[in-house]
$ cat data-v6.cif   # mmCIF, C-alpha atoms
data_target
loop_
_atom_site.group_PDB
_atom_site.id
_atom_site.type_symbol
_atom_site.label_atom_id
_atom_site.label_comp_id
_atom_site.auth_asym_id
_atom_site.auth_seq_id
_atom_site.Cartn_x
_atom_site.Cartn_y
_atom_site.Cartn_z
ATOM 1 C CA MET A 34 34.587 -6.377 21.171
ATOM 2 C CA HIS A 35 36.978 -4.046 23.009
ATOM 3 C CA LEU A 36 39.943 -2.551 21.139
ATOM 4 C CA GLN A 37 42.446 -4.290 23.416
ATOM 5 C CA GLN A 38 40.895 -7.715 22.729
ATOM 6 C CA LEU A 39 40.893 -7.049 19.003
ATOM 7 C CA LEU A 40 44.578 -6.062 19.026
ATOM 8 C CA LEU A 41 45.491 -9.205 20.982
ATOM 9 C CA LEU A 42 43.594 -11.368 18.523
ATOM 10 C CA LEU A 43 45.302 -9.744 15.546
ATOM 11 C CA LEU A 44 48.683 -10.185 17.216
ATOM 12 C CA ALA A 45 48.025 -13.868 17.842
ATOM 13 C CA CYS A 46 46.935 -14.355 14.223
ATOM 14 C CA THR A 47 50.087 -12.644 12.975
ATOM 15 C CA GLN A 48 52.451 -14.631 15.215
ATOM 16 C CA HIS A 49 50.922 -18.053 14.585
ATOM 17 C CA HIS A 50 49.824 -17.517 10.966
ATOM 18 C CA VAL A 51 46.368 -18.947 11.753
ATOM 19 C CA CYS A 52 44.211 -16.020 10.724
ATOM 20 C CA LYS A 53 43.825 -15.136 7.054
ATOM 21 C CA ALA A 54 40.947 -12.736 7.649
ATOM 22 C CA TYR A 55 38.878 -11.509 10.554
ATOM 23 C CA THR A 56 35.241 -10.479 10.457
ATOM 24 C CA TYR A 57 32.874 -9.682 13.302
ATOM 25 C CA GLU A 58 29.104 -10.151 13.099
ATOM 26 C CA PRO A 59 26.571 -9.113 15.780
ATOM 27 C CA PRO A 60 25.159 -11.986 17.883
ATOM 28 C CA GLY A 61 22.548 -13.901 15.912
ATOM 29 C CA ARG A 62 23.868 -12.782 12.536
ATOM 30 C CA ASP A 63 27.072 -14.792 12.507
ATOM 31 C CA PRO A 64 27.210 -17.745 10.075
ATOM 32 C CA VAL A 65 27.089 -20.367 12.846
ATOM 33 C CA SER A 66 23.899 -18.928 14.381
ATOM 34 C CA ILE A 67 22.223 -18.545 10.993
ATOM 35 C CA ASP A 68 23.068 -22.118 9.969
ATOM 36 C CA LYS A 69 21.717 -23.373 13.296
ATOM 37 C CA ILE A 70 18.405 -21.553 12.775
ATOM 38 C CA ARG A 71 18.089 -22.789 9.201
ATOM 39 C CA SER A 72 18.790 -26.394 10.177
ATOM 40 C CA SER A 73 16.210 -26.246 12.985
ATOM 41 C CA GLU A 74 13.378 -25.595 10.490
ATOM 42 C CA LYS A 75 10.944 -28.535 10.378
ATOM 43 C CA ALA A 76 9.041 -27.125 7.404
ATOM 44 C CA VAL A 77 10.079 -27.900 3.839
ATOM 45 C CA THR A 78 12.832 -25.507 2.714
ATOM 46 C CA LEU A 79 11.760 -23.828 -0.512
ATOM 47 C CA THR A 80 14.008 -21.997 -2.970
ATOM 48 C CA SER A 81 13.723 -20.675 -6.500
ATOM 49 C CA ASP A 82 15.138 -24.027 -7.666
ATOM 50 C CA ASN A 83 12.502 -26.296 -6.116
ATOM 51 C CA PHE A 84 9.425 -24.136 -5.441
ATOM 52 C CA ASP A 85 7.431 -24.925 -8.585
ATOM 53 C CA GLU A 86 8.256 -28.632 -8.467
ATOM 54 C CA LEU A 87 7.446 -29.161 -4.771
ATOM 55 C CA THR A 88 4.312 -27.012 -4.607
ATOM 56 C CA GLU A 89 2.628 -27.776 -7.942
ATOM 57 C CA GLY A 90 -0.976 -28.852 -7.368
ATOM 58 C CA LYS A 91 -0.687 -28.583 -3.572
ATOM 59 C CA LEU A 92 -2.304 -26.538 -0.861
ATOM 60 C CA VAL A 93 0.469 -24.669 0.906
ATOM 61 C CA PHE A 94 1.166 -22.570 3.981
ATOM 62 C CA ILE A 95 4.514 -20.802 3.571
ATOM 63 C CA LYS A 96 6.604 -18.696 5.926
ATOM 64 C CA PHE A 97 8.925 -16.044 4.489
ATOM 65 C CA TYR A 98 11.503 -15.171 7.124
ATOM 66 C CA ALA A 99 15.007 -13.990 8.023
ATOM 67 C CA PRO A 100 17.014 -16.027 10.568
ATOM 68 C CA TYR A 101 17.968 -12.988 12.676
ATOM 69 C CA CYS A 102 14.539 -11.286 12.568
ATOM 70 C CA PRO A 103 13.108 -11.079 16.160
ATOM 71 C CA HIS A 104 9.486 -11.531 15.055
ATOM 72 C CA CYS A 105 10.522 -14.460 12.860
ATOM 73 C CA LYS A 106 12.207 -16.106 15.845
ATOM 74 C CA SER A 107 9.071 -15.637 17.944
ATOM 75 C CA ILE A 108 6.967 -17.837 15.639
ATOM 76 C CA ALA A 109 9.696 -20.360 14.774
ATOM 77 C CA GLY A 110 8.574 -22.875 17.416
ATOM 78 C CA ALA A 111 4.883 -22.716 16.457
ATOM 79 C CA TRP A 112 5.776 -23.019 12.777
ATOM 80 C CA SER A 113 7.892 -26.118 13.371
ATOM 81 C CA GLU A 114 5.036 -27.619 15.411
ATOM 82 C CA LEU A 115 2.641 -26.970 12.529
ATOM 83 C CA ALA A 116 5.020 -28.554 10.019
ATOM 84 C CA THR A 117 5.485 -31.628 12.223
ATOM 85 C CA TYR A 118 1.718 -31.901 12.752
ATOM 86 C CA TYR A 119 1.037 -32.049 9.018
ATOM 87 C CA GLN A 120 3.988 -34.317 8.291
ATOM 88 C CA GLU A 121 2.631 -36.864 10.758
ATOM 89 C CA LEU A 122 -0.922 -36.786 9.386
ATOM 90 C CA PRO A 123 -1.830 -39.829 7.268
ATOM 91 C CA ASP A 124 -2.857 -39.299 3.648
ATOM 92 C CA ASN A 125 -1.646 -35.731 3.622
ATOM 93 C CA GLU A 126 0.283 -35.549 0.360
ATOM 94 C CA ASN A 127 -1.739 -32.563 -0.896
ATOM 95 C CA VAL A 128 -0.657 -30.132 1.873
ATOM 96 C CA LEU A 129 2.808 -28.605 2.221
ATOM 97 C CA ILE A 130 4.096 -26.433 5.070
ATOM 98 C CA GLY A 131 7.150 -24.575 3.812
ATOM 99 C CA SER A 132 9.729 -21.978 4.793
ATOM 100 C CA ILE A 133 11.684 -19.540 2.644
ATOM 101 C CA ASP A 134 14.768 -17.771 3.987
ATOM 102 C CA CYS A 135 14.811 -14.355 2.333
ATOM 103 C CA THR A 136 18.473 -13.849 3.277
ATOM 104 C CA ASP A 137 19.661 -17.001 1.501
ATOM 105 C CA SER A 138 21.338 -15.625 -1.608
ATOM 106 C CA PRO A 139 20.496 -16.041 -4.394
ATOM 107 C CA LYS A 140 17.827 -18.777 -4.303
ATOM 108 C CA GLY A 141 15.909 -17.599 -1.251
ATOM 109 C CA LYS A 142 16.250 -13.922 -2.107
ATOM 110 C CA ASP A 143 15.056 -14.514 -5.655
ATOM 111 C CA LEU A 144 11.924 -16.264 -4.406
ATOM 112 C CA CYS A 145 11.142 -13.503 -1.924
ATOM 113 C CA ALA A 146 11.579 -10.931 -4.688
ATOM 114 C CA ARG A 147 9.225 -12.957 -6.892
ATOM 115 C CA PHE A 148 6.497 -12.678 -4.230
ATOM 116 C CA LYS A 149 7.359 -9.026 -3.495
ATOM 117 C CA MET A 150 8.126 -9.563 0.176
ATOM 118 C CA ILE A 151 8.505 -6.389 2.236
ATOM 119 C CA GLY A 152 7.901 -7.142 5.922
ATOM 120 C CA LEU A 153 9.028 -10.342 7.628
ATOM 121 C CA PRO A 154 7.754 -12.734 8.691
ATOM 122 C CA THR A 155 5.016 -13.017 6.074
ATOM 123 C CA LEU A 156 2.782 -16.082 5.744
ATOM 124 C CA LEU A 157 1.100 -16.996 2.466
ATOM 125 C CA TYR A 158 -1.463 -19.752 2.040
ATOM 126 C CA GLY A 159 -3.680 -21.351 -0.568
ATOM 127 C CA ASP A 160 -3.531 -23.233 -3.847
ATOM 128 C CA ALA A 161 0.022 -23.147 -5.223
ATOM 129 C CA SER A 162 -1.017 -23.900 -8.808
ATOM 130 C CA LEU A 163 0.465 -21.810 -11.619
ATOM 131 C CA GLY A 164 3.475 -20.737 -9.604
ATOM 132 C CA GLY A 165 1.530 -19.422 -6.619
ATOM 133 C CA VAL A 166 -0.670 -16.793 -8.274
ATOM 134 C CA TYR A 167 -3.595 -17.798 -6.029
ATOM 135 C CA LEU A 168 -1.731 -17.425 -2.730
ATOM 136 C CA GLU A 169 -3.124 -15.013 -0.140
ATOM 137 C CA GLU A 170 -1.556 -13.429 2.934
ATOM 138 C CA PHE A 171 -2.380 -14.702 6.405
ATOM 139 C CA GLY A 172 -3.412 -11.823 8.611
ATOM 140 C CA GLY A 173 -3.860 -13.594 11.936
ATOM 141 C CA GLY A 174 -2.946 -12.467 15.438
ATOM 142 C CA ASP A 175 -0.435 -14.082 17.786
ATOM 143 C CA LYS A 176 0.518 -16.926 15.404
ATOM 144 C CA THR A 177 0.491 -19.622 18.085
ATOM 145 C CA PHE A 178 0.491 -23.273 17.053
ATOM 146 C CA GLU A 179 -3.208 -23.688 17.861
ATOM 147 C CA GLU A 180 -4.148 -20.557 15.935
ATOM 148 C CA LEU A 181 -2.051 -21.576 12.918
ATOM 149 C CA LYS A 182 -3.427 -25.123 12.981
ATOM 150 C CA SER A 183 -7.059 -23.959 13.215
ATOM 151 C CA PHE A 184 -6.495 -21.563 10.341
ATOM 152 C CA ALA A 185 -4.781 -24.206 8.199
ATOM 153 C CA VAL A 186 -7.504 -26.791 8.809
ATOM 154 C CA GLU A 187 -10.144 -24.267 7.725
ATOM 155 C CA LYS A 188 -8.336 -22.687 4.773
ATOM 156 C CA LEU A 189 -6.146 -25.420 3.269
ATOM 157 C CA VAL A 190 -8.987 -26.977 1.311
ATOM 158 C CA PRO A 191 -9.511 -27.204 -2.464
ATOM 159 C CA THR A 192 -10.823 -23.948 -3.912
ATOM 160 C CA CYS A 193 -12.457 -23.126 -7.205
ATOM 161 C CA ASN A 194 -10.023 -21.639 -9.745
ATOM 162 C CA PRO A 195 -9.077 -22.193 -13.391
ATOM 163 C CA ALA A 196 -6.528 -24.834 -12.365
ATOM 164 C CA ASN A 197 -8.983 -26.727 -10.140
ATOM 165 C CA LEU A 198 -12.417 -26.792 -11.802
ATOM 166 C CA ASP A 199 -13.459 -29.894 -9.860
ATOM 167 C CA ALA A 200 -13.801 -27.715 -6.734
ATOM 168 C CA CYS A 201 -16.261 -25.351 -8.472
ATOM 169 C CA SER A 202 -20.025 -25.357 -8.191
ATOM 170 C CA THR A 203 -21.933 -25.981 -11.431
ATOM 171 C CA ASP A 204 -22.696 -22.280 -11.983
ATOM 172 C CA LYS A 205 -19.182 -21.176 -11.064
ATOM 173 C CA ARG A 206 -17.642 -23.798 -13.336
ATOM 174 C CA GLN A 207 -19.764 -22.631 -16.258
ATOM 175 C CA ASP A 208 -18.624 -19.038 -15.705
ATOM 176 C CA MET A 209 -15.007 -20.170 -15.398
ATOM 177 C CA GLU A 210 -15.131 -22.276 -18.569
ATOM 178 C CA ALA A 211 -16.756 -19.409 -20.461
ATOM 179 C CA PHE A 212 -13.880 -17.105 -19.513
ATOM 180 C CA MET A 213 -11.293 -19.793 -20.312
ATOM 181 C CA ALA A 214 -12.741 -20.152 -23.810
ATOM 182 C CA MET A 215 -12.184 -16.439 -24.554
ATOM 183 C CA SER A 216 -9.197 -15.010 -26.394
ATOM 184 C CA TYR A 217 -6.748 -12.660 -24.696
ATOM 185 C CA GLN A 218 -8.384 -9.708 -26.465
ATOM 186 C CA GLU A 219 -11.848 -10.785 -25.364
ATOM 187 C CA LEU A 220 -10.662 -11.203 -21.777
ATOM 188 C CA ASP A 221 -9.000 -7.784 -21.852
ATOM 189 C CA ASP A 222 -12.193 -6.191 -23.215
ATOM 190 C CA LYS A 223 -14.185 -8.005 -20.519
ATOM 191 C CA ILE A 224 -11.935 -6.647 -17.775
ATOM 192 C CA LYS A 225 -12.148 -3.097 -19.155
ATOM 193 C CA GLY A 226 -15.939 -3.380 -19.349
ATOM 194 C CA MET A 227 -16.173 -4.567 -15.745
ATOM 195 C CA GLU A 228 -13.795 -1.841 -14.559
ATOM 196 C CA LYS A 229 -15.924 0.788 -16.348
ATOM 197 C CA HIS A 230 -19.034 -0.673 -14.723
ATOM 198 C CA GLN A 231 -17.362 -0.315 -11.327
ATOM 199 C CA GLU A 232 -16.492 3.321 -12.022
ATOM 200 C CA ASP A 233 -20.060 4.000 -13.204
ATOM 201 C CA LEU A 234 -21.422 2.475 -9.988
ATOM 202 C CA LYS A 235 -19.082 4.622 -7.899
ATOM 203 C CA ALA A 236 -20.141 7.767 -9.766
ATOM 204 C CA SER A 237 -23.821 6.845 -9.426
ATOM 205 C CA PHE A 238 -23.429 6.243 -5.713
ATOM 206 C CA LYS A 239 -21.555 9.519 -5.305
ATOM 207 C CA ASN A 240 -24.398 11.434 -6.993
ATOM 208 C CA MET A 241 -27.007 9.546 -4.987
ATOM 209 C CA PHE A 242 -25.141 10.292 -1.770
ATOM 210 C CA ALA A 243 -24.900 13.994 -2.677
ATOM 211 C CA THR A 244 -28.680 14.116 -3.233
ATOM 212 C CA LEU A 245 -29.350 12.302 0.038
ATOM 213 C CA GLN A 246 -26.945 14.626 1.859
ATOM 214 C CA LYS A 247 -28.718 17.686 0.426
ATOM 215 C CA ASN A 248 -32.112 16.347 1.497
ATOM 216 C CA TYR A 249 -30.726 15.476 4.924
ATOM 217 C CA ASP A 250 -29.274 18.969 5.396
ATOM 218 C CA HIS A 251 -32.610 20.487 4.360
ATOM 219 C CA LYS A 252 -34.508 18.334 6.851
ATOM 220 C CA ILE A 253 -32.062 19.245 9.617
ATOM 221 C CA MET A 254 -32.582 22.952 8.948
ATOM 222 C CA GLU A 255 -36.360 22.445 8.864
ATOM 223 C CA LYS A 256 -36.226 20.578 12.170
ATOM 224 C CA GLU A 257 -34.158 23.287 13.840
ATOM 225 C CA LEU A 258 -36.519 25.989 12.536
ATOM 226 C CA GLN A 259 -39.582 24.183 13.874
ATOM 227 C CA ILE A 260 -37.903 23.634 17.250
ATOM 228 C CA THR A 261 -36.982 27.333 17.430
ATOM 229 C CA ARG A 262 -40.590 28.309 16.633
ATOM 230 C CA ALA A 263 -41.961 25.840 19.183
ATOM 231 C CA LYS A 264 -39.652 27.211 21.893
ATOM 232 C CA ALA A 265 -40.723 30.758 21.059
ATOM 233 C CA ASN A 266 -44.396 29.794 21.284
ATOM 234 C CA VAL A 267 -43.834 28.048 24.631
ATOM 235 C CA LYS A 268 -42.157 31.176 25.972
ATOM 236 C CA LEU A 269 -44.992 33.350 24.672
ATOM 237 C CA ILE A 270 -47.649 31.130 26.287
ATOM 238 C CA GLU A 271 -45.757 31.152 29.598
ATOM 239 C CA GLU A 272 -45.680 34.967 29.455
ATOM 240 C CA VAL A 273 -49.455 35.059 28.818
ATOM 241 C CA ILE A 274 -50.072 32.769 31.782
ATOM 242 C CA ALA A 275 -47.843 34.901 34.010
ATOM 243 C CA THR A 276 -49.754 38.054 32.963
ATOM 244 C CA ARG A 277 -53.128 36.493 33.874
ATOM 245 C CA LYS A 278 -51.928 35.643 37.346
ATOM 246 C CA GLN A 279 -51.297 39.293 38.167
#
$ encode --input "data-v6.cif" --output "structure tokens"
Amino acid sequence: MHLQQLLLLLLACTQHHVCKAYTYEPPGRDPVSIDKIRSSEKAVTLTSDNFDELTEGKLVFIKFYAPYCPHCKSIAGAWSELATYYQELPDNENVLIGSIDCTDSPKGKDLCARFKMIGLPTLLYGDASLGGVYLEEFGGGDKTFEELKSFAVEKLVPTCNPANLDACSTDKRQDMEAFMAMSYQELDDKIKGMEKHQEDLKASFKNMFATLQKNYDHKIMEKELQITRAKANVKLIEEVIATRKQ
């Protein structure tokens, strides 16, 4: 806004007593634009107040976004299409397509902080049991409606975890139940033992690789030496042949 226009506006406010305060926001970040974007969302609006209640026991696909974020705007249409698609499916009570506005203070911001959001938009999917500890990040490409739908159809299916044992195979369920029967101390000791095993495997591989590298280097040197000798012998034979022709 030019200085002259601002001065005229302030003068009009002063003369007519119609302006208690004046603020200017860049296009797209003004309250009207933000409210319009929020209201256009077809997905279920999730906040820190309703997240656990609405997602408990469901398979979810959630968009974390900011209304004025350019990349967020670019997928808004496809996301609304996906939400509408699932809302119109019959017998679809176990799937929820949601949206979380990370600029909505405090309820949206609190939820984004809970999931440690950094870049936007971010899409999380999976089993929302136990407050969303099983959710994973979607790492797809263009995020078109067809791509999102194909991904959701493939991934939004019951998965084996401590909160959903019915989805486990017999062997997996036995392992899961064995861990669930352990005390916190036993589980902690189990984790430490597995972590040590991983470190031992890494060390063993490192030593094995060093031995293989040493043998490889030795074979390379041996090859080069034999090639050098063979070339020298070829040259010597050629010289003998040339001498005989004289």
$ resolve_selection --input "data-v6.cif" --expression "the PyMOL selection byres ((chain A and resi 148) around 12)" --output "list in words"
Ser81, Phe84, Ile95, Lys96, Phe97, Ile133, Cys135, Gly141, Lys142, Asp143, Leu144, Cys145, Ala146, Arg147, Lys149, Met150, Ile151, Gly152, Thr155, Leu156, Leu157, Gly164, Gly165, Val166, Tyr167, Leu168, Glu169 and Glu170 of chain A
$ residues_near_point --input "data-v6.cif" --point "(6.4, -23.3, 17.5)" --cutoff "12 Å" --atoms "all atoms listed in the file" --output "PDB file with C-alpha atoms, in the coordinates of the input"
ATOM      1  CA  SER A  73      16.210 -26.246  12.985  1.00  0.00           C
ATOM      2  CA  GLU A  74      13.378 -25.595  10.490  1.00  0.00           C
ATOM      3  CA  LYS A  75      10.944 -28.535  10.378  1.00  0.00           C
ATOM      4  CA  ALA A  76       9.041 -27.125   7.404  1.00  0.00           C
ATOM      5  CA  CYS A 105      10.522 -14.460  12.860  1.00  0.00           C
ATOM      6  CA  LYS A 106      12.207 -16.106  15.845  1.00  0.00           C
ATOM      7  CA  SER A 107       9.071 -15.637  17.944  1.00  0.00           C
ATOM      8  CA  ILE A 108       6.967 -17.837  15.639  1.00  0.00           C
ATOM      9  CA  ALA A 109       9.696 -20.360  14.774  1.00  0.00           C
ATOM     10  CA  GLY A 110       8.574 -22.875  17.416  1.00  0.00           C
ATOM     11  CA  ALA A 111       4.883 -22.716  16.457  1.00  0.00           C
ATOM     12  CA  TRP A 112       5.776 -23.019  12.777  1.00  0.00           C
ATOM     13  CA  SER A 113       7.892 -26.118  13.371  1.00  0.00           C
ATOM     14  CA  GLU A 114       5.036 -27.619  15.411  1.00  0.00           C
ATOM     15  CA  LEU A 115       2.641 -26.970  12.529  1.00  0.00           C
ATOM     16  CA  ALA A 116       5.020 -28.554  10.019  1.00  0.00           C
ATOM     17  CA  THR A 117       5.485 -31.628  12.223  1.00  0.00           C
ATOM     18  CA  TYR A 118       1.718 -31.901  12.752  1.00  0.00           C
ATOM     19  CA  ASP A 175      -0.435 -14.082  17.786  1.00  0.00           C
ATOM     20  CA  LYS A 176       0.518 -16.926  15.404  1.00  0.00           C
ATOM     21  CA  THR A 177       0.491 -19.622  18.085  1.00  0.00           C
ATOM     22  CA  PHE A 178       0.491 -23.273  17.053  1.00  0.00           C
ATOM     23  CA  GLU A 179      -3.208 -23.688  17.861  1.00  0.00           C
ATOM     24  CA  GLU A 180      -4.148 -20.557  15.935  1.00  0.00           C
ATOM     25  CA  LEU A 181      -2.051 -21.576  12.918  1.00  0.00           C
ATOM     26  CA  LYS A 182      -3.427 -25.123  12.981  1.00  0.00           C
TER      27      LYS A 182
END
$ resolve_selection --input "data-v6.cif" --expression "the PyMOL selection byres ((chain A and resi 79) around 7)" --output "ChimeraX atom specification"
/A:77-78,80,83-84,131-133
$ closest_residue --input "data-v6.cif" --among "A:Asn127, A:Thr136, A:Thr244, A:Thr192" --to "A:Cys102" --atoms "all atoms listed in the file"
A:Thr136
$ axis_aligned_box --input "data-v6.cif" --around "stretch 115-121 of chain A" --padding-each-side "8 Å" --output "JSON"
{"center_x": 3.3, "center_y": -31.9, "center_z": 10.5, "size_x": 20.4, "size_y": 25.9, "size_z": 20.5}
$ resolve_selection --input "data-v6.cif" --expression "the PyMOL selection byres ((chain A and resi 163) around 12)" --output "number ranges by chain"
A: 84-86, 88-91, 159-162, 164-168, 194-197
